[in-house]
Number of protein chains: 2
Amino acid sequence: MKLQLQIKMNEDLFLRNPEHTELGRNIIKHSIQLIEKDGFEAFTFKKLAEDIGTTEAGIYRYFENKHRVLLYIISWYWGWLEYQISFQTNNVTDPVVKLKKVIKLLGTTVEDDAKTSYVNESLLHQIIISEGSKAYLTKQVGEDNKHQFFKPYKDLCAVIGNIILECSPKYKYPRSLATTIIEMAHFQNFFMNNLPSLTDFGKNKEESDIILFLNDLVFSSIKKG
Amino acid sequence: MKLQLQIKMNEDLFLRNPEHTELGRNIIKHSIQLIEKDGFEAFTFKKLAEDIGTTEAGIYRYFENKHRVLLYIISWYWGWLEYQISFQTNNVTDPVVKLKKVIKLLGTTVEDDAKTSYVNESLLHQIIISEGSKAYLTKQVGEDNKHQFFKPYKDLCAVIGNIILECSPKYKYPRSLATTIIEMAHFQNFFMNNLPSLTDFGKNKEESDIILFLNDLVFSSIKKG
DNA sequence: TTTAAATGATAGCTTTACTATCATAAATAG
DNA sequence: CTATTTATGATAGTAAAGCTATCATTTAAA
């Protein structure tokens with residue numbers, strides 16, 4: 001049996017659902033490739049169109065602008081990650097074990113998942129590291145929030161926050177600790193590879209060291225209460 | 001006696017030193033105002049020129065592009081903050097007290113400092129919160145790093161890392177914890193004001209709560225060793 | 001098979017990002 | 001106190017980015 005995984009996307013993100021057509025799926029696929037390769041600033045609909053073999057106008061029929069594309073693929077990633085977490089922590093009773101799995105998932109470079117044909121999770125993970133915060137670090141964050149564009153991120157944060165509370169019911173900052181884990185999993189990775197003297201991982205450049213750091217950070221914080 | 005504070009800037013950041021001329025100082029002053037008001041993406045040399053009452057070409061004589069302007073003002077801020085830290089922790093022997101002062105400085109909205117005429121530190125602090133990570137989250141991070149554009153940030157990180165080591169000589173991740181404090185001081189603030197459900201500070205929206213969170217995070221991490 | 005929906009091809013417009021040129025004003029050196 | 005460097009102003013122009021519009025054609029659904 002061939003399984004196919006579908007992430008439910010916010011309809012306001014697009015003008016026409018990219019999942020429904022070949023061109024749409026190509027837009028997602030090539031956007032991920034281009035943004036990963038050149039960075040979000042250098043990413044344009046013109047280049048994307050050339051890459052796919054369609055025209056600029058064709059892209060605009062699916063997405064209002066490139067920021068929406070970024071929001072789309074990042075939302076997709078958070079949705080996918082939440083699914084991974086629920087899958088991997090299923091039947092796990094010990095919340096400490098759960099939380100450790102979450103940290104490992106956040107801090108590990110993922111492999112491309114065959115269940116999602118037009119999305120390369122490995123590239124997407126790199127995009128999350130380098131471009132993730134650009135989704136919300138804008139002046140339109142309030143408007144975008146009204147459209148619920150950050151719901152997948154908030155949901156993930158809530159899931160992790162609840163696991164933290166399971167570990168330590170009296171801990172005062174479950175959500176802020178959750179965002180700290182998420183953001184730091186990615187920032188420490190970026191720093192390790194680009195500005196290593198900002199981290200303690202410059203020598204080995206091992207993701208596993210980041211995970212050790214995050215485990216230490218999280219479990220010393222919550223073990224007290 | 002009127003004191004004047006000068007931050008030594010990396011010469012590669014500009015084509016002509018903006019500190020030396022009225023126009024140059026205006027470029028810095030109005031850049032800070034515009035970036036704070038409209039965000040970095042909407043910031044253009046044309047608008048800046050109109051704001052100042054000069055021409056686009058005039059700006060280009062000082063800065064190669066708007067990203068260099070961002071790097072300039074952000075570098076300035078880190079330099080200024082390192083000075084604030086060294087000033088405020090001077091004569092403090094207890095490293096725990098020092099570290100608490102650092103966290104407070106990072107997490108508190110600063111007031112405009114009269115000692116620096118053309119720089120509004122209060123606006124600059126807002127820019128650090130919303131735009132700070134865009135300085136390095138680019139494809140040119142490697143090139144920019146060769147120019148030493150991130151030295152002020154690295155220096156600050158080293159200073160904080162050393163205070164952490166003073167508190168707890170065996171702690172394994174002083175630099176990563178330092179960047180975590182710095183980044184989270186700003187991200188939690190951004191989230192609190194824009195996406196409050198990502199934090200535990202949505203009700204009060206008090207900076208002091210972020211500082212409590214960071215203190216808890218840091219001191220539970222380092223107290224073990 | 002008719003009708004609607006999706007795509008391709010092309011054009012055009014405004015803004016951004018940047019370079020170049022030349023005249024003039026201000027500062028400074030001889 | 002003039003000569004000359006240096007900074008600024010004014011203007012022009014180019015390539016690319018960001019976006020909208022139109023119409024013909026292909027593809028898919030009724």
# chains A, B, ... in the order shown; residues from 1 in each chain; ligands from 1
$ interface_residues --of "chain B" --to "chain A" --cutoff "9 Å" --atoms "only C-alpha atoms" --output "PyMOL selection string"
chain B and resi 37-41+129-131+133-134+136-139+141-142+145+150+153-154+157-158+172-180+183-184+187-188+190+194-195+197-201+210+213+216-224
$ closest_atom_pairs --of "chain B" --to "chain D" --cutoff "12 Å" --atoms "only C-alpha atoms (C1' of nucleotides)" --output "tab-separated table"
residue	atom	partner	partner_atom	distance
B:Arg16	CA	D:DA7	C1'	10.6
B:His20	CA	D:DA7	C1'	11.4
B:Thr21	CA	D:DA7	C1'	9.2
B:Glu22	CA	D:DA7	C1'	10.7
B:Leu23	CA	D:DT8	C1'	9.2
B:Gly24	CA	D:DA7	C1'	10.9
B:Ala49	CA	D:DG9	C1'	11.9
B:Gly53	CA	D:DG9	C1'	10.4
B:Thr54	CA	D:DG9	C1'	7.6
B:Thr55	CA	D:DG9	C1'	7.5
B:Glu56	CA	D:DG9	C1'	10.6
B:Ala57	CA	D:DG9	C1'	9.4
B:Gly58	CA	D:DT8	C1'	7.3
B:Ile59	CA	D:DT8	C1'	10.7
B:Arg61	CA	D:DA7	C1'	9.8
B:Tyr62	CA	D:DA7	C1'	11.2
$ write_last_selection --atoms "N, CA and C atoms" --output "mmCIF file, in the first residue's frame"
data_model
loop_
_atom_site.group_PDB
_atom_site.id
_atom_site.type_symbol
_atom_site.label_atom_id
_atom_site.label_comp_id
_atom_site.auth_asym_id
_atom_site.auth_seq_id
_atom_site.Cartn_x
_atom_site.Cartn_y
_atom_site.Cartn_z
ATOM 1 N N ARG B 16 31.864 56.243 2.654
ATOM 2 C CA ARG B 16 32.311 57.514 3.236
ATOM 3 C C ARG B 16 31.779 57.528 4.660
ATOM 4 N N HIS B 20 31.251 61.791 9.901
ATOM 5 C CA HIS B 20 32.071 62.974 9.652
ATOM 6 C C HIS B 20 31.311 64.162 9.074
ATOM 7 N N THR B 21 30.114 63.924 8.561
ATOM 8 C CA THR B 21 29.397 65.036 7.917
ATOM 9 C C THR B 21 27.954 65.107 8.416
ATOM 10 N N GLU B 22 27.381 66.261 8.225
ATOM 11 C CA GLU B 22 25.988 66.493 8.580
ATOM 12 C C GLU B 22 25.078 65.537 7.804
ATOM 13 N N LEU B 23 25.318 65.444 6.500
ATOM 14 C CA LEU B 23 24.520 64.542 5.664
ATOM 15 C C LEU B 23 24.656 63.106 6.142
ATOM 16 N N GLY B 24 25.872 62.713 6.440
ATOM 17 C CA GLY B 24 26.125 61.351 6.918
ATOM 18 C C GLY B 24 25.344 61.047 8.185
ATOM 19 N N ALA B 49 16.197 59.529 1.013
ATOM 20 C CA ALA B 49 16.676 60.785 0.442
ATOM 21 C C ALA B 49 15.611 61.875 0.550
ATOM 22 N N GLY B 53 15.927 65.250 2.476
ATOM 23 C CA GLY B 53 15.995 66.410 1.603
ATOM 24 C C GLY B 53 17.251 66.399 0.761
ATOM 25 N N THR B 54 17.669 65.197 0.399
ATOM 26 C CA THR B 54 18.804 65.090 -0.518
ATOM 27 C C THR B 54 18.387 64.145 -1.642
ATOM 28 N N THR B 55 19.344 63.651 -2.398
ATOM 29 C CA THR B 55 19.010 62.769 -3.520
ATOM 30 C C THR B 55 19.532 61.366 -3.265
ATOM 31 N N GLU B 56 18.927 60.441 -4.017
ATOM 32 C CA GLU B 56 19.326 59.048 -3.927
ATOM 33 C C GLU B 56 20.846 58.900 -4.100
ATOM 34 N N ALA B 57 21.353 59.558 -5.119
ATOM 35 C CA ALA B 57 22.785 59.457 -5.405
ATOM 36 C C ALA B 57 23.614 59.890 -4.202
ATOM 37 N N GLY B 58 23.091 60.853 -3.475
ATOM 38 C CA GLY B 58 23.777 61.318 -2.274
ATOM 39 C C GLY B 58 23.964 60.223 -1.248
ATOM 40 N N ILE B 59 22.935 59.392 -1.090
ATOM 41 C CA ILE B 59 23.033 58.287 -0.126
ATOM 42 C C ILE B 59 24.057 57.259 -0.593
ATOM 43 N N ARG B 61 26.663 57.626 -2.054
ATOM 44 C CA ARG B 61 28.052 58.017 -1.795
ATOM 45 C C ARG B 61 28.514 57.554 -0.419
ATOM 46 N N TYR B 62 27.565 57.267 0.464
ATOM 47 C CA TYR B 62 27.913 56.827 1.818
ATOM 48 C C TYR B 62 27.800 55.316 1.990
#
$ closest_atom_pairs --of "chain B" --to "chain C" --cutoff "10 Å" --atoms "only C-alpha atoms (C1' of nucleotides)" --output "tab-separated table"
residue	atom	partner	partner_atom	distance
B:Thr44	CA	C:DT16	C1'	7.6
B:Phe45	CA	C:DA17	C1'	8.7
B:Lys46	CA	C:DT16	C1'	8.8
B:Glu56	CA	C:DC18	C1'	9.7
B:Ala57	CA	C:DT19	C1'	9.0
B:Tyr60	CA	C:DC18	C1'	8.6
B:Glu64	CA	C:DC18	C1'	9.2
B:Asn65	CA	C:DA17	C1'	8.3
B:Lys66	CA	C:DA17	C1'	9.7
$ closest_residue --among "A:Thr108, A:Asn10, A:Ser168, A:Asn204" --to "Gln148 in chain A" --atoms "only C-alpha atoms"
A:Asn10
$ atom_distance --atom1 "CA of Asn215 in chain B" --atom2 "CA of Ala135 in chain B"
26.5 Å
$ select_by_dssp --residues "range 161-205 of chain B" --states "helix (DSSP H, G or I)" --output "ChimeraX atom specification"
/B:161-167,174-194,196-198
$ atom_distance --atom1 "CA of Lys29 in chain B" --atom2 "CA of Ser86 in chain B"
25.2 Å
$ residues_around --residues "Gln88 in chain B" --least-positions-apart "5" --cutoff "9 Å" --atoms "only C-alpha atoms (C1' of nucleotides)" --output "PyMOL selection string"
chain B and resi 83+98+101-102
$ write_last_selection --atoms "N, CA and C atoms" --output "PDB file, in the first residue's frame"
ATOM      1  N   TYR B  83      29.198  48.504  25.573  1.00  0.00           N
ATOM      2  CA  TYR B  83      29.641  49.600  26.437  1.00  0.00           C
ATOM      3  C   TYR B  83      28.732  49.730  27.669  1.00  0.00           C
ATOM      4  N   LYS B  98      26.186  40.357  37.888  1.00  0.00           N
ATOM      5  CA  LYS B  98      26.545  40.833  36.544  1.00  0.00           C
ATOM      6  C   LYS B  98      25.596  40.261  35.488  1.00  0.00           C
ATOM      7  N   LYS B 101      22.238  41.694  35.503  1.00  0.00           N
ATOM      8  CA  LYS B 101      22.218  43.033  34.908  1.00  0.00           C
ATOM      9  C   LYS B 101      22.218  42.958  33.388  1.00  0.00           C
ATOM     10  N   VAL B 102      22.996  42.019  32.869  1.00  0.00           N
ATOM     11  CA  VAL B 102      23.039  41.836  31.417  1.00  0.00           C
ATOM     12  C   VAL B 102      21.658  41.468  30.883  1.00  0.00           C
TER      13      VAL B 102
END
$ atom_distance --atom1 "CA of Cys167 in chain A" --atom2 "CA of Leu99 in chain B"
27.9 Å
$ residues_around --residues "Gln84 in chain A" --least-positions-apart "6" --cutoff "10 Å" --atoms "only C-alpha atoms (C1' of nucleotides)" --output "list in words"
Trp78, Asn90, Val102 and Leu105 of chain A
